[in-house]
Structure formats: structure tokens, C-alpha cells
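Encoded as C-alpha cells, the structure appears first; notes follow it.
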Amino acid sequence: MNIRRITPLAAAGIFAAAAFVPAAAAPAKPFEGSYNLTLQPDPVSYAFMTGLATEECITLNPHASDRRAIKVPGAGRLQIFLDVPDPTGRGVSHWDLYAREGGKVLARSTAVGSHKKLGIGLKSKKSITIVVCNRLGAIEGKVTYKLTPS
């Protein structure tokens, strides 16, 4: 057989086989973000409405809370962090952090302290609302979130 005939046939066979091999999935694009907050403290709501305020992040001062919707693109573990400066170094800042889907609280961190962390397992894409309120403490904080695909 002539080599000039075999080479084009072999090349055509390789290209045809490659057309039937599924393409490797591109790695998932990282989903992460952060934002800074400036919230006035609302110790009155914390002192007098503790049960209700703890559940719903209700504040008497409208400048004491923030709600941000994020669209999580797929399944995985969503981690949300809240960091608040504590100039005293004694952990006296008290901000609350919630993750909600619609009317349902998925996770919350309401203990006193300058660092909060939530972890939520998600089975599909979701619209999550991050709710933060300043009960007592510094007026500036930072929220960071990151999805680790499963």
C-alpha cells in the first residue's frame, strides 16, 4: 500500500474519533465575593427585643442592619464570614449574621464576637440573602462568601 494514501486516511480517522470523545468539562468558575458594611449599633433592640431580634434581625435603628441577595450558581458548600474590628481585643463586638432563602433561615450566628462563620450545604443553585445587623460594637464590618463546589 502507498504511504501517501495511508497518511490522509489515518489523519481522517483520528479526527473522526476525536469528534466522538466527550470534551473535558471546564473547571467550575469560582464563586466568591465580599463587601464592606457601615452599620450603626442598635443595643436598644437587643436589650428589649432579644427573642424577636435574635430570630429576625429586627432593629429599631434602620441603619443597624443590611440585607444582600446573592445568586449562588450551583451545588456546593457556601461559606459566609463576617469580620468586625475589635479595638479592645476582648471580643466585645456583637453583630449577628444570617443566611436566608425566602422566608427560611438556613443558618445563623448570633453569639458575641468579632468573627462569624456560616457553612451551608446547597444541592442546587439558590438565591440566598445575607442578613447582618450590628447589635453593639464597631460600626464597620466585612462580609466574605465563597462556594466550594461539591
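Labels used: A, B, ... for chains in the order of the C-alpha cells, numbers from 1 for residues in each chain, and numbers from 1 for ligands as shown.
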Can you tell me which residues surround Tyr145 in chain A at a distance of at most 12 Å, considering only C-alpha atoms, apart from same-chain residues fewer than 3 positions away, and format the answer as a PyMOL selection string?
chain A and resi 30-35+68-72+77-83+99+116-120+128-130+142+148
Using only C-alpha atoms, pick whichever of A:Arg67, A:Arg100, A:Arg135, A:Arg90 has the shortest atom-to-atom distance to Pro41 in chain A.
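Ranking A:Arg67, A:Arg100, A:Arg135, A:Arg90 by distance to Pro41 in chain A, first place goes to A:Arg135.
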Per DSSP on the backbone, filter range 50-147 of chain A down to the residues in helix (DSSP H, G or I) and report them as a list of chain:residue names.
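Written out, the helix (DSSP H, G or I) residues of range 50-147 of chain A are A:Thr50, A:Gly51, A:Leu52, A:Ala53, A:Thr54, A:Glu55, A:Glu56, A:Pro62, A:His63, A:Ala64.
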Do you have the CA of Val92 in chain A-CA of Ala138 in chain A distance handy?
9.2 Å
Residue contacts of Asn36 in chain A (9 Å, only C-alpha atoms) excluding same-chain residues fewer than 3 positions away, as a list in words
Glu140, Gly141, Lys142, Val143 and Thr144 of chain A
Write the residues you've just listed into a file as a compact mmCIF listing (two decimals), in the first residue's frame, and include C-alpha atoms for each of them.
```txt
# COMPACT_ATOMS: atom_id res chain seq x y z
CA GLU A 140 -17.56 48.78 60.20
CA GLY A 141 -17.51 45.16 59.16
CA LYS A 142 -16.74 43.00 56.16
CA VAL A 143 -18.73 40.09 54.72
CA THR A 144 -16.95 37.49 52.59
```
So which bits of range 35-115 of chain A end up strand (DSSP E) when you DSSP the backbone, as a PDB file with all heavy atoms, in the first residue's frame?
```
ATOM      1  N   TYR A  35     -17.946  42.327  50.592  1.00  0.00           N
ATOM      2  CA  TYR A  35     -18.381  43.714  50.627  1.00  0.00           C
ATOM      3  C   TYR A  35     -18.200  44.257  52.041  1.00  0.00           C
ATOM      4  O   TYR A  35     -18.226  43.518  53.021  1.00  0.00           O
ATOM      5  CB  TYR A  35     -19.824  43.887  50.140  1.00  0.00           C
ATOM      6  CG  TYR A  35     -20.862  43.046  50.850  1.00  0.00           C
ATOM      7  CD1 TYR A  35     -21.548  43.561  51.954  1.00  0.00           C
ATOM      8  CD2 TYR A  35     -21.173  41.767  50.410  1.00  0.00           C
ATOM      9  CE1 TYR A  35     -22.516  42.810  52.596  1.00  0.00           C
ATOM     10  CE2 TYR A  35     -22.134  41.013  51.051  1.00  0.00           C
ATOM     11  CZ  TYR A  35     -22.804  41.531  52.135  1.00  0.00           C
ATOM     12  OH  TYR A  35     -23.758  40.786  52.771  1.00  0.00           O
ATOM     13  N   ASN A  36     -17.987  45.553  52.109  1.00  0.00           N
ATOM     14  CA  ASN A  36     -17.810  46.244  53.384  1.00  0.00           C
ATOM     15  C   ASN A  36     -19.134  46.839  53.828  1.00  0.00           C
ATOM     16  O   ASN A  36     -19.956  47.240  52.994  1.00  0.00           O
ATOM     17  CB  ASN A  36     -16.763  47.347  53.266  1.00  0.00           C
ATOM     18  CG  ASN A  36     -15.386  46.787  52.994  1.00  0.00           C
ATOM     19  OD1 ASN A  36     -14.969  45.818  53.612  1.00  0.00           O
ATOM     20  ND2 ASN A  36     -14.677  47.386  52.062  1.00  0.00           N
ATOM     21  N   LEU A  37     -19.317  46.905  55.139  1.00  0.00           N
ATOM     22  CA  LEU A  37     -20.536  47.463  55.714  1.00  0.00           C
ATOM     23  C   LEU A  37     -20.194  48.541  56.725  1.00  0.00           C
ATOM     24  O   LEU A  37     -19.188  48.446  57.427  1.00  0.00           O
ATOM     25  CB  LEU A  37     -21.317  46.375  56.453  1.00  0.00           C
ATOM     26  CG  LEU A  37     -21.938  45.281  55.608  1.00  0.00           C
ATOM     27  CD1 LEU A  37     -22.457  44.157  56.501  1.00  0.00           C
ATOM     28  CD2 LEU A  37     -23.073  45.846  54.784  1.00  0.00           C
ATOM     29  N   THR A  38     -21.044  49.538  56.790  1.00  0.00           N
ATOM     30  CA  THR A  38     -21.005  50.533  57.862  1.00  0.00           C
ATOM     31  C   THR A  38     -22.401  50.554  58.457  1.00  0.00           C
ATOM     32  O   THR A  38     -23.352  51.006  57.811  1.00  0.00           O
ATOM     33  CB  THR A  38     -20.612  51.925  57.325  1.00  0.00           C
ATOM     34  OG1 THR A  38     -19.332  51.839  56.702  1.00  0.00           O
ATOM     35  CG2 THR A  38     -20.554  52.944  58.451  1.00  0.00           C
ATOM     36  N   SER A  65     -28.917  47.476  60.171  1.00  0.00           N
ATOM     37  CA  SER A  65     -28.959  46.174  59.502  1.00  0.00           C
ATOM     38  C   SER A  65     -28.803  46.327  57.992  1.00  0.00           C
ATOM     39  O   SER A  65     -29.013  47.395  57.431  1.00  0.00           O
ATOM     40  CB  SER A  65     -30.265  45.445  59.830  1.00  0.00           C
ATOM     41  OG  SER A  65     -31.364  46.148  59.328  1.00  0.00           O
ATOM     42  N   ASP A  66     -28.421  45.202  57.367  1.00  0.00           N
ATOM     43  CA  ASP A  66     -28.196  45.175  55.922  1.00  0.00           C
ATOM     44  C   ASP A  66     -28.646  43.827  55.390  1.00  0.00           C
ATOM     45  O   ASP A  66     -28.421  42.788  56.032  1.00  0.00           O
ATOM     46  CB  ASP A  66     -26.708  45.384  55.624  1.00  0.00           C
ATOM     47  CG  ASP A  66     -26.428  45.390  54.135  1.00  0.00           C
ATOM     48  OD1 ASP A  66     -26.681  46.417  53.484  1.00  0.00           O
ATOM     49  OD2 ASP A  66     -25.950  44.348  53.622  1.00  0.00           O
ATOM     50  N   ARG A  67     -29.252  43.842  54.213  1.00  0.00           N
ATOM     51  CA  ARG A  67     -29.665  42.613  53.524  1.00  0.00           C
ATOM     52  C   ARG A  67     -29.118  42.654  52.113  1.00  0.00           C
ATOM     53  O   ARG A  67     -29.329  43.631  51.407  1.00  0.00           O
ATOM     54  CB  ARG A  67     -31.186  42.514  53.502  1.00  0.00           C
ATOM     55  CG  ARG A  67     -31.773  42.210  54.854  1.00  0.00           C
ATOM     56  CD  ARG A  67     -33.292  42.417  54.880  1.00  0.00           C
ATOM     57  NE  ARG A  67     -33.902  41.924  56.083  1.00  0.00           N
ATOM     58  CZ  ARG A  67     -33.744  42.450  57.290  1.00  0.00           C
ATOM     59  NH1 ARG A  67     -32.969  43.497  57.463  1.00  0.00           N
ATOM     60  NH2 ARG A  67     -34.340  41.938  58.355  1.00  0.00           N
ATOM     61  N   ARG A  68     -28.421  41.579  51.727  1.00  0.00           N
ATOM     62  CA  ARG A  68     -27.859  41.484  50.367  1.00  0.00           C
ATOM     63  C   ARG A  68     -28.212  40.139  49.773  1.00  0.00           C
ATOM     64  O   ARG A  68     -27.957  39.098  50.376  1.00  0.00           O
ATOM     65  CB  ARG A  68     -26.329  41.580  50.381  1.00  0.00           C
ATOM     66  CG  ARG A  68     -25.770  42.808  51.013  1.00  0.00           C
ATOM     67  CD  ARG A  68     -25.642  43.952  50.020  1.00  0.00           C
ATOM     68  NE  ARG A  68     -25.254  45.146  50.734  1.00  0.00           N
ATOM     69  CZ  ARG A  68     -24.117  45.773  50.579  1.00  0.00           C
ATOM     70  NH1 ARG A  68     -23.246  45.354  49.705  1.00  0.00           N
ATOM     71  NH2 ARG A  68     -23.847  46.863  51.277  1.00  0.00           N
ATOM     72  N   ALA A  69     -28.767  40.166  48.577  1.00  0.00           N
ATOM     73  CA  ALA A  69     -29.085  38.932  47.865  1.00  0.00           C
ATOM     74  C   ALA A  69     -27.907  38.543  46.979  1.00  0.00           C
ATOM     75  O   ALA A  69     -27.320  39.398  46.314  1.00  0.00           O
ATOM     76  CB  ALA A  69     -30.339  39.112  47.026  1.00  0.00           C
ATOM     77  N   ILE A  70     -27.566  37.269  47.011  1.00  0.00           N
ATOM     78  CA  ILE A  70     -26.557  36.729  46.105  1.00  0.00           C
ATOM     79  C   ILE A  70     -27.170  35.533  45.386  1.00  0.00           C
ATOM     80  O   ILE A  70     -27.995  34.826  45.953  1.00  0.00           O
ATOM     81  CB  ILE A  70     -25.244  36.329  46.829  1.00  0.00           C
ATOM     82  CG1 ILE A  70     -25.499  35.272  47.907  1.00  0.00           C
ATOM     83  CG2 ILE A  70     -24.557  37.550  47.431  1.00  0.00           C
ATOM     84  CD1 ILE A  70     -24.231  34.699  48.521  1.00  0.00           C
ATOM     85  N   LYS A  71     -26.787  35.348  44.151  1.00  0.00           N
ATOM     86  CA  LYS A  71     -27.282  34.213  43.369  1.00  0.00           C
ATOM     87  C   LYS A  71     -26.163  33.180  43.285  1.00  0.00           C
ATOM     88  O   LYS A  71     -25.213  33.347  42.527  1.00  0.00           O
ATOM     89  CB  LYS A  71     -27.731  34.665  41.996  1.00  0.00           C
ATOM     90  CG  LYS A  71     -28.930  35.583  42.059  1.00  0.00           C
ATOM     91  CD  LYS A  71     -29.520  35.807  40.684  1.00  0.00           C
ATOM     92  CE  LYS A  71     -30.662  36.781  40.720  1.00  0.00           C
ATOM     93  NZ  LYS A  71     -31.820  36.361  41.430  1.00  0.00           N
ATOM     94  N   VAL A  72     -26.294  32.125  44.059  1.00  0.00           N
ATOM     95  CA  VAL A  72     -25.299  31.058  44.102  1.00  0.00           C
ATOM     96  C   VAL A  72     -25.525  30.171  42.871  1.00  0.00           C
ATOM     97  O   VAL A  72     -26.623  29.658  42.676  1.00  0.00           O
ATOM     98  CB  VAL A  72     -25.411  30.249  45.408  1.00  0.00           C
ATOM     99  CG1 VAL A  72     -24.328  29.192  45.480  1.00  0.00           C
ATOM    100  CG2 VAL A  72     -25.341  31.184  46.614  1.00  0.00           C
ATOM    101  N   GLY A  76     -22.875  22.943  46.237  1.00  0.00           N
ATOM    102  CA  GLY A  76     -21.604  23.007  46.937  1.00  0.00           C
ATOM    103  C   GLY A  76     -21.781  23.472  48.368  1.00  0.00           C
ATOM    104  O   GLY A  76     -22.892  23.507  48.890  1.00  0.00           O
ATOM    105  N   ARG A  77     -20.684  23.827  48.977  1.00  0.00           N
ATOM    106  CA  ARG A  77     -20.701  24.335  50.356  1.00  0.00           C
ATOM    107  C   ARG A  77     -20.443  25.832  50.319  1.00  0.00           C
ATOM    108  O   ARG A  77     -19.368  26.272  49.915  1.00  0.00           O
ATOM    109  CB  ARG A  77     -19.639  23.637  51.188  1.00  0.00           C
ATOM    110  CG  ARG A  77     -19.628  24.104  52.626  1.00  0.00           C
ATOM    111  CD  ARG A  77     -19.537  22.929  53.563  1.00  0.00           C
ATOM    112  NE  ARG A  77     -19.632  23.335  54.941  1.00  0.00           N
ATOM    113  CZ  ARG A  77     -20.742  23.238  55.659  1.00  0.00           C
ATOM    114  NH1 ARG A  77     -21.830  22.754  55.107  1.00  0.00           N
ATOM    115  NH2 ARG A  77     -20.765  23.597  56.916  1.00  0.00           N
ATOM    116  N   LEU A  78     -21.445  26.595  50.731  1.00  0.00           N
ATOM    117  CA  LEU A  78     -21.338  28.042  50.774  1.00  0.00           C
ATOM    118  C   LEU A  78     -20.869  28.438  52.169  1.00  0.00           C
ATOM    119  O   LEU A  78     -21.490  28.072  53.163  1.00  0.00           O
ATOM    120  CB  LEU A  78     -22.679  28.704  50.463  1.00  0.00           C
ATOM    121  CG  LEU A  78     -22.713  30.227  50.530  1.00  0.00           C
ATOM    122  CD1 LEU A  78     -21.802  30.841  49.452  1.00  0.00           C
ATOM    123  CD2 LEU A  78     -24.139  30.739  50.388  1.00  0.00           C
ATOM    124  N   GLN A  79     -19.764  29.159  52.223  1.00  0.00           N
ATOM    125  CA  GLN A  79     -19.259  29.676  53.489  1.00  0.00           C
ATOM    126  C   GLN A  79     -19.393  31.186  53.469  1.00  0.00           C
ATOM    127  O   GLN A  79     -19.042  31.828  52.480  1.00  0.00           O
ATOM    128  CB  GLN A  79     -17.814  29.266  53.711  1.00  0.00           C
ATOM    129  CG  GLN A  79     -17.656  27.783  53.919  1.00  0.00           C
ATOM    130  CD  GLN A  79     -16.241  27.411  54.300  1.00  0.00           C
ATOM    131  OE1 GLN A  79     -15.357  28.244  54.384  1.00  0.00           O
ATOM    132  NE2 GLN A  79     -16.032  26.138  54.538  1.00  0.00           N
ATOM    133  N   ILE A  80     -19.905  31.718  54.571  1.00  0.00           N
ATOM    134  CA  ILE A  80     -20.084  33.157  54.718  1.00  0.00           C
ATOM    135  C   ILE A  80     -19.372  33.579  55.999  1.00  0.00           C
ATOM    136  O   ILE A  80     -19.568  32.957  57.048  1.00  0.00           O
ATOM    137  CB  ILE A  80     -21.579  33.536  54.794  1.00  0.00           C
ATOM    138  CG1 ILE A  80     -22.335  32.994  53.574  1.00  0.00           C
ATOM    139  CG2 ILE A  80     -21.742  35.047  54.905  1.00  0.00           C
ATOM    140  CD1 ILE A  80     -23.841  33.118  53.681  1.00  0.00           C
ATOM    141  N   PHE A  81     -18.545  34.609  55.894  1.00  0.00           N
ATOM    142  CA  PHE A  81     -17.780  35.101  57.037  1.00  0.00           C
ATOM    143  C   PHE A  81     -18.140  36.556  57.288  1.00  0.00           C
ATOM    144  O   PHE A  81     -18.367  37.320  56.360  1.00  0.00           O
ATOM    145  CB  PHE A  81     -16.273  35.025  56.760  1.00  0.00           C
ATOM    146  CG  PHE A  81     -15.794  33.647  56.420  1.00  0.00           C
ATOM    147  CD1 PHE A  81     -15.691  33.243  55.101  1.00  0.00           C
ATOM    148  CD2 PHE A  81     -15.451  32.759  57.418  1.00  0.00           C
ATOM    149  CE1 PHE A  81     -15.248  31.977  54.775  1.00  0.00           C
ATOM    150  CE2 PHE A  81     -15.006  31.482  57.105  1.00  0.00           C
ATOM    151  CZ  PHE A  81     -14.904  31.091  55.785  1.00  0.00           C
ATOM    152  N   LEU A  82     -18.152  36.946  58.546  1.00  0.00           N
ATOM    153  CA  LEU A  82     -18.329  38.331  58.951  1.00  0.00           C
ATOM    154  C   LEU A  82     -17.198  38.662  59.912  1.00  0.00           C
ATOM    155  O   LEU A  82     -17.015  37.966  60.920  1.00  0.00           O
ATOM    156  CB  LEU A  82     -19.681  38.541  59.643  1.00  0.00           C
ATOM    157  CG  LEU A  82     -19.899  39.889  60.333  1.00  0.00           C
ATOM    158  CD1 LEU A  82     -19.862  41.035  59.326  1.00  0.00           C
ATOM    159  CD2 LEU A  82     -21.214  39.888  61.099  1.00  0.00           C
ATOM    160  N   ASP A  83     -16.438  39.674  59.583  1.00  0.00           N
ATOM    161  CA  ASP A  83     -15.348  40.122  60.447  1.00  0.00           C
ATOM    162  C   ASP A  83     -15.569  41.576  60.814  1.00  0.00           C
ATOM    163  O   ASP A  83     -15.817  42.413  59.947  1.00  0.00           O
ATOM    164  CB  ASP A  83     -14.000  39.943  59.748  1.00  0.00           C
ATOM    165  CG  ASP A  83     -13.628  38.472  59.666  1.00  0.00           C
ATOM    166  OD1 ASP A  83     -13.405  37.866  60.725  1.00  0.00           O
ATOM    167  OD2 ASP A  83     -13.582  37.939  58.547  1.00  0.00           O
ATOM    168  N   HIS A  94     -20.674  42.829  68.893  1.00  0.00           N
ATOM    169  CA  HIS A  94     -21.783  41.896  68.765  1.00  0.00           C
ATOM    170  C   HIS A  94     -22.593  42.242  67.523  1.00  0.00           C
ATOM    171  O   HIS A  94     -23.453  43.116  67.552  1.00  0.00           O
ATOM    172  CB  HIS A  94     -22.675  41.930  70.001  1.00  0.00           C
ATOM    173  CG  HIS A  94     -23.728  40.866  69.959  1.00  0.00           C
ATOM    174  ND1 HIS A  94     -24.528  40.599  71.023  1.00  0.00           N
ATOM    175  CD2 HIS A  94     -24.116  40.012  68.996  1.00  0.00           C
ATOM    176  CE1 HIS A  94     -25.372  39.622  70.709  1.00  0.00           C
ATOM    177  NE2 HIS A  94     -25.127  39.268  69.476  1.00  0.00           N
ATOM    178  N   TRP A  95     -22.266  41.570  66.453  1.00  0.00           N
ATOM    179  CA  TRP A  95     -23.024  41.647  65.214  1.00  0.00           C
ATOM    180  C   TRP A  95     -23.661  40.274  65.009  1.00  0.00           C
ATOM    181  O   TRP A  95     -23.111  39.260  65.428  1.00  0.00           O
ATOM    182  CB  TRP A  95     -22.121  41.963  64.038  1.00  0.00           C
ATOM    183  CG  TRP A  95     -21.609  43.378  63.968  1.00  0.00           C
ATOM    184  CD1 TRP A  95     -21.166  44.153  64.998  1.00  0.00           C
ATOM    185  CD2 TRP A  95     -21.472  44.157  62.798  1.00  0.00           C
ATOM    186  NE1 TRP A  95     -20.755  45.371  64.542  1.00  0.00           N
ATOM    187  CE2 TRP A  95     -20.927  45.401  63.176  1.00  0.00           C
ATOM    188  CE3 TRP A  95     -21.736  43.951  61.457  1.00  0.00           C
ATOM    189  CZ2 TRP A  95     -20.654  46.414  62.266  1.00  0.00           C
ATOM    190  CZ3 TRP A  95     -21.470  44.951  60.547  1.00  0.00           C
ATOM    191  CH2 TRP A  95     -20.941  46.174  60.960  1.00  0.00           C
ATOM    192  N   ASP A  96     -24.805  40.247  64.357  1.00  0.00           N
ATOM    193  CA  ASP A  96     -25.460  38.980  64.022  1.00  0.00           C
ATOM    194  C   ASP A  96     -25.359  38.751  62.518  1.00  0.00           C
ATOM    195  O   ASP A  96     -25.400  39.704  61.731  1.00  0.00           O
ATOM    196  CB  ASP A  96     -26.928  38.988  64.435  1.00  0.00           C
ATOM    197  CG  ASP A  96     -27.116  38.952  65.947  1.00  0.00           C
ATOM    198  OD1 ASP A  96     -26.141  38.688  66.668  1.00  0.00           O
ATOM    199  OD2 ASP A  96     -28.251  39.191  66.396  1.00  0.00           O
ATOM    200  N   LEU A  97     -25.253  37.486  62.131  1.00  0.00           N
ATOM    201  CA  LEU A  97     -25.134  37.087  60.723  1.00  0.00           C
ATOM    202  C   LEU A  97     -26.130  35.977  60.440  1.00  0.00           C
ATOM    203  O   LEU A  97     -26.194  34.995  61.182  1.00  0.00           O
ATOM    204  CB  LEU A  97     -23.704  36.609  60.445  1.00  0.00           C
ATOM    205  CG  LEU A  97     -23.410  36.001  59.076  1.00  0.00           C
ATOM    206  CD1 LEU A  97     -23.599  37.042  57.976  1.00  0.00           C
ATOM    207  CD2 LEU A  97     -21.995  35.428  59.049  1.00  0.00           C
ATOM    208  N   TYR A  98     -26.910  36.149  59.373  1.00  0.00           N
ATOM    209  CA  TYR A  98     -27.908  35.158  58.963  1.00  0.00           C
ATOM    210  C   TYR A  98     -27.776  34.882  57.473  1.00  0.00           C
ATOM    211  O   TYR A  98     -27.397  35.757  56.710  1.00  0.00           O
ATOM    212  CB  TYR A  98     -29.335  35.687  59.176  1.00  0.00           C
ATOM    213  CG  TYR A  98     -29.700  35.983  60.603  1.00  0.00           C
ATOM    214  CD1 TYR A  98     -29.341  37.190  61.187  1.00  0.00           C
ATOM    215  CD2 TYR A  98     -30.429  35.069  61.352  1.00  0.00           C
ATOM    216  CE1 TYR A  98     -29.688  37.475  62.493  1.00  0.00           C
ATOM    217  CE2 TYR A  98     -30.779  35.348  62.654  1.00  0.00           C
ATOM    218  CZ  TYR A  98     -30.408  36.548  63.224  1.00  0.00           C
ATOM    219  OH  TYR A  98     -30.747  36.837  64.515  1.00  0.00           O
ATOM    220  N   ALA A  99     -28.144  33.670  57.089  1.00  0.00           N
ATOM    221  CA  ALA A  99     -28.310  33.322  55.677  1.00  0.00           C
ATOM    222  C   ALA A  99     -29.746  32.844  55.526  1.00  0.00           C
ATOM    223  O   ALA A  99     -30.191  31.960  56.269  1.00  0.00           O
ATOM    224  CB  ALA A  99     -27.335  32.241  55.256  1.00  0.00           C
ATOM    225  N   ARG A 100     -30.460  33.444  54.575  1.00  0.00           N
ATOM    226  CA  ARG A 100     -31.867  33.119  54.385  1.00  0.00           C
ATOM    227  C   ARG A 100     -32.134  32.730  52.935  1.00  0.00           C
ATOM    228  O   ARG A 100     -31.486  33.214  52.020  1.00  0.00           O
ATOM    229  CB  ARG A 100     -32.733  34.326  54.719  1.00  0.00           C
ATOM    230  CG  ARG A 100     -32.560  34.858  56.120  1.00  0.00           C
ATOM    231  CD  ARG A 100     -33.396  36.098  56.310  1.00  0.00           C
ATOM    232  NE  ARG A 100     -34.797  35.758  56.306  1.00  0.00           N
ATOM    233  CZ  ARG A 100     -35.550  35.647  57.390  1.00  0.00           C
ATOM    234  NH1 ARG A 100     -35.035  35.908  58.549  1.00  0.00           N
ATOM    235  NH2 ARG A 100     -36.805  35.314  57.307  1.00  0.00           N
ATOM    236  N   GLU A 101     -33.115  31.886  52.776  1.00  0.00           N
ATOM    237  CA  GLU A 101     -33.660  31.601  51.452  1.00  0.00           C
ATOM    238  C   GLU A 101     -35.159  31.832  51.563  1.00  0.00           C
ATOM    239  O   GLU A 101     -35.848  31.102  52.289  1.00  0.00           O
ATOM    240  CB  GLU A 101     -33.367  30.176  51.012  1.00  0.00           C
ATOM    241  CG  GLU A 101     -33.948  29.874  49.645  1.00  0.00           C
ATOM    242  CD  GLU A 101     -33.834  28.416  49.252  1.00  0.00           C
ATOM    243  OE1 GLU A 101     -33.567  27.568  50.104  1.00  0.00           O
ATOM    244  OE2 GLU A 101     -34.049  28.145  48.061  1.00  0.00           O
ATOM    245  N   LYS A 104     -37.086  31.476  55.008  1.00  0.00           N
ATOM    246  CA  LYS A 104     -36.471  30.460  55.871  1.00  0.00           C
ATOM    247  C   LYS A 104     -35.027  30.829  56.228  1.00  0.00           C
ATOM    248  O   LYS A 104     -34.224  31.136  55.356  1.00  0.00           O
ATOM    249  CB  LYS A 104     -36.488  29.116  55.147  1.00  0.00           C
ATOM    250  CG  LYS A 104     -35.886  27.988  55.930  1.00  0.00           C
ATOM    251  CD  LYS A 104     -35.947  26.706  55.130  1.00  0.00           C
ATOM    252  CE  LYS A 104     -35.272  25.587  55.875  1.00  0.00           C
ATOM    253  NZ  LYS A 104     -35.191  24.377  55.063  1.00  0.00           N
ATOM    254  N   VAL A 105     -34.717  30.782  57.520  1.00  0.00           N
ATOM    255  CA  VAL A 105     -33.339  30.982  57.964  1.00  0.00           C
ATOM    256  C   VAL A 105     -32.596  29.665  57.768  1.00  0.00           C
ATOM    257  O   VAL A 105     -32.961  28.638  58.347  1.00  0.00           O
ATOM    258  CB  VAL A 105     -33.281  31.428  59.445  1.00  0.00           C
ATOM    259  CG1 VAL A 105     -31.842  31.514  59.918  1.00  0.00           C
ATOM    260  CG2 VAL A 105     -33.968  32.768  59.640  1.00  0.00           C
ATOM    261  N   LEU A 106     -31.540  29.679  56.932  1.00  0.00           N
ATOM    262  CA  LEU A 106     -30.738  28.479  56.685  1.00  0.00           C
ATOM    263  C   LEU A 106     -29.655  28.293  57.728  1.00  0.00           C
ATOM    264  O   LEU A 106     -29.306  27.170  58.080  1.00  0.00           O
ATOM    265  CB  LEU A 106     -30.102  28.556  55.295  1.00  0.00           C
ATOM    266  CG  LEU A 106     -31.056  28.671  54.115  1.00  0.00           C
ATOM    267  CD1 LEU A 106     -30.273  28.823  52.817  1.00  0.00           C
ATOM    268  CD2 LEU A 106     -31.983  27.471  54.049  1.00  0.00           C
ATOM    269  N   ALA A 107     -29.089  29.415  58.193  1.00  0.00           N
ATOM    270  CA  ALA A 107     -28.019  29.358  59.200  1.00  0.00           C
ATOM    271  C   ALA A 107     -27.944  30.707  59.879  1.00  0.00           C
ATOM    272  O   ALA A 107     -28.325  31.731  59.303  1.00  0.00           O
ATOM    273  CB  ALA A 107     -26.687  29.009  58.541  1.00  0.00           C
ATOM    274  N   ARG A 108     -27.427  30.713  61.120  1.00  0.00           N
ATOM    275  CA  ARG A 108     -27.286  31.965  61.868  1.00  0.00           C
ATOM    276  C   ARG A 108     -26.102  31.861  62.804  1.00  0.00           C
ATOM    277  O   ARG A 108     -25.715  30.783  63.233  1.00  0.00           O
ATOM    278  CB  ARG A 108     -28.560  32.266  62.654  1.00  0.00           C
ATOM    279  CG  ARG A 108     -28.793  31.351  63.824  1.00  0.00           C
ATOM    280  CD  ARG A 108     -29.968  31.748  64.689  1.00  0.00           C
ATOM    281  NE  ARG A 108     -31.235  31.817  64.042  1.00  0.00           N
ATOM    282  CZ  ARG A 108     -32.115  30.832  63.948  1.00  0.00           C
ATOM    283  NH1 ARG A 108     -31.851  29.672  64.471  1.00  0.00           N
ATOM    284  NH2 ARG A 108     -33.252  31.011  63.331  1.00  0.00           N
ATOM    285  N   SER A 109     -25.543  33.039  63.091  1.00  0.00           N
ATOM    286  CA  SER A 109     -24.503  33.165  64.104  1.00  0.00           C
ATOM    287  C   SER A 109     -24.826  34.427  64.893  1.00  0.00           C
ATOM    288  O   SER A 109     -24.737  35.528  64.371  1.00  0.00           O
ATOM    289  CB  SER A 109     -23.120  33.254  63.467  1.00  0.00           C
ATOM    290  OG  SER A 109     -22.136  33.404  64.473  1.00  0.00           O
ATOM    291  N   HIS A 115     -15.747  37.627  64.944  1.00  0.00           N
ATOM    292  CA  HIS A 115     -15.635  36.787  63.748  1.00  0.00           C
ATOM    293  C   HIS A 115     -16.802  35.806  63.745  1.00  0.00           C
ATOM    294  O   HIS A 115     -17.027  35.091  64.705  1.00  0.00           O
ATOM    295  CB  HIS A 115     -14.310  36.025  63.747  1.00  0.00           C
ATOM    296  CG  HIS A 115     -14.166  35.103  62.590  1.00  0.00           C
ATOM    297  ND1 HIS A 115     -13.898  35.555  61.320  1.00  0.00           N
ATOM    298  CD2 HIS A 115     -14.273  33.758  62.496  1.00  0.00           C
ATOM    299  CE1 HIS A 115     -13.838  34.519  60.496  1.00  0.00           C
ATOM    300  NE2 HIS A 115     -14.062  33.427  61.193  1.00  0.00           N
TER     301      HIS A 115
END
```
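Between Gly121 in chain A and the residues A:Pro149, A:Pro87, A:Pro62, A:Pro43, the shortest atom-to-atom distance, using only C-alpha atoms, involves A:Pro149.
Shortest atom-to-atom contact with Leu122 in chain A among A:Asp42, A:Leu147, A:Ser93, A:Ala64: A:Leu147, counting only C-alpha atoms.
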